[in-house]
Amino acid sequence: MTNLAPESGLLARVPPRLVRIASVVVVVLAWEIAGRAAPRWASYPTEVAAAFMDNLDRIIDAFIETFKAVGVGYAISVAGGVLIGFGMARIRVVKVALDPYVAVLYSTPRITLIPLAILLIGIGFNLRVLMSVLASIFPMIINTYAAVDSVSAELEETARSFTASRWSITRTVLIPGAIPGIFVGMRVGIIRALVGVIVAEMTAGAAGVGALLLVFGRFFQSEKLFGPVLLLGFMSILMTRGLSLLERKLAPWQD
Amino acid sequence: MLSIRSVDKRFSLDGPLVLDRINMEVRNGEFVSLLGPSGCGKTTLLKIVAGLLPATGGEVYLEGKESTEPSREKAMVFQHFNLLPWRTAINNVAYGLEVQGVAKAERLETAARFLKLLDLEGYEDHYPSQISGGMKQRVGLARALATEPRLMLMDEPFGALDALTREYLQDELARIAASQDLTVLFVTHSIDEAIYLSDRIVVMGNNPGRILVEYPVPFERPRTSTVVRADPRFAELRNQVWVLLEEEKSKR
Amino acid sequence: MARLKLERRRAIFDWSLRIGFAIVLLVAWELSTRAQSRALAAPPSEILIAFWELTFIEGVIFSETLVTARAFFMGYGAAIAIGLLVGMLMGRSRLAEYVLEPYVTLMYALPSIALIPVLVIWFGINDRIRIVLVILASVFPIIYNTATGVKNVDEELVEVGKSFCATRRKIATSIVLPAALPLIFAGLRIGLSHALVGVIGAEIIVVITGLGGLVIRYADNFQMANMFVPIIFIATLAVLITAGMNRFQTVFRRWEVQDE
């Protein structure tokens with residue numbers, strides 16, 4: 001760790017956690033004071049908390065609805081992305097044929113496709129699943145591809161020298177070697193899957209967190225709005241942290 | 001038992017000749033070094049023997065049978081160890097047995113035995129990232145030995161190690177080669193290492209890769225490196241090989 | 001020579017495969033949509049005609065492309081400036097790091113699309129929402145990666161600078177910044193894709209302007225063939241901007257390319 005401007009004296013003796021907590025306390029207090037002065041704009045923490053508790057049932061229902069779609073879409077993306085990524089890394093014809101589509105769709109915001117998706121499958125649960133798959137499968141494909149492709153050719157050769165078959169090379173070298181890269185894709189993908197569902201809910205859905213936010217926003221109820229927005233942020237952090245923990249369990253050899 | 005008969009190698013159809021009519025034998029229990037400058041094709045030759053690369057022409061026979069694929073009779077030790085980072089030491093040693101279909105209990109027992117032979121007791125559950133380079137290569141050696149091959153193929157196995165570790169492992173290999181009655185084909189570019197370890201040295205030259213000359217090594221076994229290095233024949237042989245390689249260098 | 005020939009043969013094979021696969025897809029698309037109502041599906045042949053009309057005869061596409069591109073570049077440009085500045089500050093000062101880190105972590109993880117209702121309360125349904133959303137979507141990955149890059153510069157490299165008695169400023173510009181570039185560019189690339197989602201998302205969900213708005217308007221009028229034209233333009237814009245970023249990155253990191 002490089003520190004070009006080492007903080008002298010005081011900060012060196014204060015534990016970082018304390019500074020962080022102090023920072024959060026100060027900001028929350030400032031918000032409370034400023035928010036009370038102009039409540040229609042930004043509300044304030046105590047009102048946000050009260051509104052959150054008042055609407056708890058609706059909020060919980062909306063989150064369950066949203067995360068059902070996220071779960072299904074993400075599962076499809078992980079399975080499909082790993083399979084396609086593996087295929088592209090190991091079978092040249094697959095890579096050559098799919099490369100242009102993956103590259104174009106990966107850089108194009110898939111939100112563009114939502115009117116088309118609505119026409120094709122309507123506006124129900126399936127739309128939300130489809131949007132979350134579209135949003136999260138490309139990072140899965142690209143990261144799996146890169147991960148499998150970067151597994152050292154020397155390790156493959158080593159396995160071959162011990163008479164490993166194609167399948168046992170896949171099982172003992174390619175899959176474990178690709179796990180860290182696949183997890184990179186999974187961490188990006190889980191957030192994208194959530195974005196995809198919320199986008200679908202905001203444009204077409206009558207259910208879920210996206211729709212709830214629109215309802216609260218339409219009547220300028222900022223005090224109701226901030227609770228679920230913050231909760232979304234915390235859920236996102238929780239999900240990526242959870243995946244990191246899972247990775248440490250599944251791939252303990254990394255330092 | 002290993003017989004290499006006029007092996008040629010090109011990497012593409014009309015590419016340059018990398019190996020030119022290589023003929024050599026390794027007898028049972030013999031330790032033979034392939035010595036040469038980098039780029040002379042010694043590693044390529046080793047990989048052809050291992051069955052990792054196809055020869056363009058010629059054949060490789062092992063115990064009288066043509067050998068073109070990797071097989072249980074052969075095991076390889078690599079310069080950069082090539083341990084699987086996601087396997088603990090014992091599971092790396094058991095790897096060869098595992099792909100060859102040995103049952104779990106048996107392969108773990110064998111792996112433990114070879115870890116012990118290489119002084120790695122207590123490190124069974126360490127991942128490669130947690131042990132030193134010298135220990136990694138001992139795991140690599142144990143992995144090859146555990147499959148109990150007729151022929152050990154070693155590709156500059158000590159090339160990536162520091163000088164002290166290197167000498168230590170050379171002694172270790174000499175001891176094991178004698179006690180296990182190994183047959184070894186050993187690639188190196190160190191003249192000292194080749195003399196100390198081998199029964200016979202095959203010197204290769206560049207462009208195209210070919211055999212220049214073979215030297216028998218006159219020292220009795222068991223050897224110790226201090227005794228070998230103090231022997232006047234060591235300096236003489238070392239000088240002979242060195243002059244030959246220098247001449248080969250100036251020809252280019 | 002043989003290698004060259006082999007490479008050329010391989011390239012010919014690759015392109016015939018790509019083109020062949022594309023033709024199969026297009027034909028399947030054409031056949032499956034031909035019989036359907038034009039209000040529900042558009043065959044590629046009609047999209048081609050619509051493309052010609054909207055682009056070269058009506059010209060509406062270009063003006064809307066400019067509207068989208070302007071908001072994108074203003075927002076993304078501001079995000080780069082803010083992101084690099086705040087990121088460097090967090091990387092160099094531990095106080096700034098501790099104070100700001102909780103918010104950067106939260107905002108980076110938060111799907112920025114969810115902020116649209118909040119922005120509507122603050123700004124009304126207004127063109128500016130797009131620029132603000134682009135900044136909010138892209139600034140946090142830039143901050144996070146810049147800070148991490150600057151913080152994790154190899155101490156030994158900094159010591160080289162110190163051993164030559166370089167000033168702190170000189171060390172920052174000649175050692176810390178170049179060493180942090182790989183991560184900074186990673187942040188810029190993530191920010192770029194978030195920024196694109198931000199601008200198009202705002203156009204589709206609330207503002208109904210630019211290329212995103214055009215997609216919605218055609219979709220609402222059931223003009224399926226027309227709808228694909230702005231989609232094609234958005235994809236082209238996105239691919240061009242991404243390619244431009246990759247190009248920029250290779251220019252800035254020449255020494256790494258030489259390593260290979």
# chains A, B, ... in the order shown; residues from 1 in each chain; ligands from 1
>>> residues_around(residues="range 100-116 of chain C", least_positions_apart="6", cutoff="6 Å", atoms="only C-alpha atoms", output="ChimeraX atom specification")
/A:195,233,236-237 /C:137,140
>>> write_last_selection(atoms="all heavy atoms", output="PDB file, in the first residue's frame")
ATOM      1  N   VAL A 195     -30.609  -5.180 -12.360  1.00  0.00           N
ATOM      2  CA  VAL A 195     -30.904  -4.018 -13.199  1.00  0.00           C
ATOM      3  C   VAL A 195     -31.913  -4.401 -14.275  1.00  0.00           C
ATOM      4  O   VAL A 195     -32.896  -3.679 -14.514  1.00  0.00           O
ATOM      5  CB  VAL A 195     -29.612  -3.460 -13.848  1.00  0.00           C
ATOM      6  CG1 VAL A 195     -29.959  -2.385 -14.877  1.00  0.00           C
ATOM      7  CG2 VAL A 195     -28.676  -2.904 -12.789  1.00  0.00           C
ATOM      8  N   GLY A 233     -29.600  -1.021  -2.731  1.00  0.00           N
ATOM      9  CA  GLY A 233     -28.142  -0.890  -2.638  1.00  0.00           C
ATOM     10  C   GLY A 233     -27.552  -1.907  -1.673  1.00  0.00           C
ATOM     11  O   GLY A 233     -26.590  -2.604  -1.988  1.00  0.00           O
ATOM     12  N   SER A 236     -27.612  -5.368  -3.058  1.00  0.00           N
ATOM     13  CA  SER A 236     -26.564  -5.564  -4.069  1.00  0.00           C
ATOM     14  C   SER A 236     -25.225  -5.852  -3.410  1.00  0.00           C
ATOM     15  O   SER A 236     -24.496  -6.756  -3.815  1.00  0.00           O
ATOM     16  CB  SER A 236     -26.445  -4.329  -4.960  1.00  0.00           C
ATOM     17  OG  SER A 236     -27.672  -4.039  -5.559  1.00  0.00           O
ATOM     18  N   ILE A 237     -24.911  -5.062  -2.380  1.00  0.00           N
ATOM     19  CA  ILE A 237     -23.644  -5.292  -1.672  1.00  0.00           C
ATOM     20  C   ILE A 237     -23.635  -6.696  -1.073  1.00  0.00           C
ATOM     21  O   ILE A 237     -22.675  -7.452  -1.211  1.00  0.00           O
ATOM     22  CB  ILE A 237     -23.440  -4.239  -0.563  1.00  0.00           C
ATOM     23  CG1 ILE A 237     -23.281  -2.855  -1.191  1.00  0.00           C
ATOM     24  CG2 ILE A 237     -22.226  -4.584   0.284  1.00  0.00           C
ATOM     25  CD1 ILE A 237     -23.160  -1.740  -0.175  1.00  0.00           C
TER      26      ILE A 237
ATOM     27  N   ALA C 137     -24.440   6.889 -12.960  1.00  0.00           N
ATOM     28  CA  ALA C 137     -24.210   5.496 -13.339  1.00  0.00           C
ATOM     29  C   ALA C 137     -22.723   5.213 -13.514  1.00  0.00           C
ATOM     30  O   ALA C 137     -22.258   4.125 -13.199  1.00  0.00           O
ATOM     31  CB  ALA C 137     -24.961   5.173 -14.629  1.00  0.00           C
ATOM     32  N   PHE C 140     -19.080   6.137 -10.187  1.00  0.00           N
ATOM     33  CA  PHE C 140     -18.601   5.339  -9.053  1.00  0.00           C
ATOM     34  C   PHE C 140     -17.613   4.239  -9.440  1.00  0.00           C
ATOM     35  O   PHE C 140     -16.615   4.049  -8.750  1.00  0.00           O
ATOM     36  CB  PHE C 140     -19.792   4.836  -8.235  1.00  0.00           C
ATOM     37  CG  PHE C 140     -20.527   5.971  -7.608  1.00  0.00           C
ATOM     38  CD1 PHE C 140     -21.705   6.449  -8.158  1.00  0.00           C
ATOM     39  CD2 PHE C 140     -19.991   6.648  -6.518  1.00  0.00           C
ATOM     40  CE1 PHE C 140     -22.359   7.546  -7.610  1.00  0.00           C
ATOM     41  CE2 PHE C 140     -20.630   7.743  -5.959  1.00  0.00           C
ATOM     42  CZ  PHE C 140     -21.814   8.200  -6.509  1.00  0.00           C
TER      43      PHE C 140
END
>>> interface_residues(of="chain B", to="chain C", cutoff="9 Å", atoms="only C-alpha atoms", output="number ranges by chain")
B: 12-15
>>> write_last_selection(atoms="all heavy atoms", output="PDB file, in the first residue's frame")
ATOM      1  N   SER B  12       5.832 -26.923 -39.259  1.00  0.00           N
ATOM      2  CA  SER B  12       4.816 -26.819 -40.302  1.00  0.00           C
ATOM      3  C   SER B  12       5.370 -27.483 -41.553  1.00  0.00           C
ATOM      4  O   SER B  12       6.565 -27.755 -41.638  1.00  0.00           O
ATOM      5  CB  SER B  12       4.449 -25.366 -40.565  1.00  0.00           C
ATOM      6  OG  SER B  12       5.574 -24.671 -41.039  1.00  0.00           O
ATOM      7  N   LEU B  13       4.486 -27.713 -42.495  1.00  0.00           N
ATOM      8  CA  LEU B  13       4.805 -28.562 -43.631  1.00  0.00           C
ATOM      9  C   LEU B  13       6.125 -28.214 -44.320  1.00  0.00           C
ATOM     10  O   LEU B  13       6.962 -29.085 -44.537  1.00  0.00           O
ATOM     11  CB  LEU B  13       3.652 -28.511 -44.647  1.00  0.00           C
ATOM     12  CG  LEU B  13       3.204 -29.895 -45.111  1.00  0.00           C
ATOM     13  CD1 LEU B  13       2.741 -30.711 -43.938  1.00  0.00           C
ATOM     14  CD2 LEU B  13       2.119 -29.759 -46.170  1.00  0.00           C
ATOM     15  N   ASP B  14       6.311 -26.944 -44.668  1.00  0.00           N
ATOM     16  CA  ASP B  14       7.603 -26.599 -45.269  1.00  0.00           C
ATOM     17  C   ASP B  14       8.383 -25.638 -44.368  1.00  0.00           C
ATOM     18  O   ASP B  14       9.121 -24.789 -44.846  1.00  0.00           O
ATOM     19  CB  ASP B  14       7.430 -26.041 -46.688  1.00  0.00           C
ATOM     20  CG  ASP B  14       6.297 -25.033 -46.770  1.00  0.00           C
ATOM     21  OD1 ASP B  14       5.726 -24.730 -45.706  1.00  0.00           O
ATOM     22  OD2 ASP B  14       6.000 -24.551 -47.870  1.00  0.00           O
ATOM     23  N   GLY B  15       8.183 -25.767 -43.053  1.00  0.00           N
ATOM     24  CA  GLY B  15       8.949 -24.974 -42.099  1.00  0.00           C
ATOM     25  C   GLY B  15      10.360 -25.530 -41.962  1.00  0.00           C
ATOM     26  O   GLY B  15      10.695 -26.553 -42.566  1.00  0.00           O
TER      27      GLY B  15
END
>>> closest_residue(among="A:Gln221, A:Ser165, A:Ser152, A:Ser136", to="His80 in chain B", atoms="only C-alpha atoms")
A:Ser152
>>> select_by_dssp(residues="range 53-211 of chain B", states="helix (DSSP H, G or I)", output="MDAnalysis selection string")
chainID B and resid 89:93 95:99 104:117 128:130 133:146 163:180 191:197
>>> interface_residues(of="chain A", to="chain B", cutoff="10 Å", atoms="only C-alpha atoms", output="PyMOL selection string")
chain A and resi 152+154-165+168-169+172-173+176-177+250-255
>>> closest_atom_pairs(of="chain C", to="chain A", cutoff="8 Å", atoms="only C-alpha atoms", output="Markdown table")
| residue | atom | partner | partner_atom | distance |
| --- | --- | --- | --- | --- |
| C:Asp14 | CA | A:Val96 | CA | 6.2 |
| C:Leu17 | CA | A:Ala97 | CA | 6.4 |
| C:Arg18 | CA | A:Ala97 | CA | 5.1 |
| C:Phe21 | CA | A:Ala97 | CA | 6.5 |
| C:Leu40 | CA | A:Leu119 | CA | 6.6 |
| C:Gly91 | CA | A:Asn3 | CA | 7.8 |
| C:Arg92 | CA | A:Asn3 | CA | 5.7 |
| C:Ser93 | CA | A:Ala5 | CA | 6.0 |
| C:Arg94 | CA | A:Glu7 | CA | 6.9 |
| C:Leu95 | CA | A:Leu11 | CA | 7.3 |
| C:Tyr98 | CA | A:Arg20 | CA | 5.3 |
| C:Val99 | CA | A:Ser23 | CA | 5.3 |
| C:Leu100 | CA | A:Ser23 | CA | 7.7 |
| C:Glu101 | CA | A:Arg20 | CA | 7.7 |
| C:Pro102 | CA | A:Arg20 | CA | 7.1 |
| C:Thr105 | CA | A:Ile237 | CA | 7.8 |
| C:Leu106 | CA | A:Gly233 | CA | 5.7 |
| C:Met107 | CA | A:Gly233 | CA | 6.9 |
| C:Ala109 | CA | A:Ser236 | CA | 5.4 |
| C:Leu110 | CA | A:Gly233 | CA | 4.1 |
| C:Pro111 | CA | A:Val195 | CA | 5.7 |
| C:Ile113 | CA | A:Val199 | CA | 7.1 |
| C:Ala114 | CA | A:Val229 | CA | 6.5 |
| C:Leu115 | CA | A:Val229 | CA | 7.2 |
| C:Pro117 | CA | A:Gly217 | CA | 4.8 |
| C:Val118 | CA | A:Gly217 | CA | 6.6 |
| C:Val120 | CA | A:Gly217 | CA | 7.4 |
| C:Ile121 | CA | A:Phe220 | CA | 5.9 |
| C:Trp122 | CA | A:Trp41 | CA | 6.4 |
| C:Val150 | CA | A:Thr2 | CA | 7.8 |
| C:Lys151 | CA | A:Thr2 | CA | 5.5 |
| C:Asn152 | CA | A:Met1 | CA | 5.1 |
| C:Val153 | CA | A:Thr2 | CA | 6.0 |
| C:Asp154 | CA | A:Thr2 | CA | 7.0 |
| C:Glu155 | CA | A:Thr2 | CA | 5.6 |
| C:Val158 | CA | A:Thr2 | CA | 7.9 |
| C:Arg168 | CA | A:Leu4 | CA | 7.4 |
| C:Ser193 | CA | A:Ser107 | CA | 6.6 |
| C:Leu196 | CA | A:Pro109 | CA | 6.2 |
| C:Val197 | CA | A:Pro109 | CA | 5.1 |
| C:Ile200 | CA | A:Thr112 | CA | 7.0 |
| C:Gly201 | CA | A:Ile111 | CA | 6.3 |
| C:Ile204 | CA | A:Thr112 | CA | 7.7 |
| C:Ile205 | CA | A:Thr203 | CA | 5.8 |
| C:Gly212 | CA | A:Thr112 | CA | 6.8 |
| C:Val215 | CA | A:Thr112 | CA | 7.5 |
| C:Ile216 | CA | A:Pro115 | CA | 6.8 |
| C:Ala219 | CA | A:Pro115 | CA | 6.2 |
| C:Ile231 | CA | A:Thr112 | CA | 6.4 |
| C:Ile234 | CA | A:Thr108 | CA | 6.9 |
| C:Ala235 | CA | A:Thr108 | CA | 5.0 |
| C:Ala238 | CA | A:Thr108 | CA | 5.4 |
| C:Val239 | CA | A:Ser107 | CA | 5.9 |
| C:Thr242 | CA | A:Ser107 | CA | 6.8 |
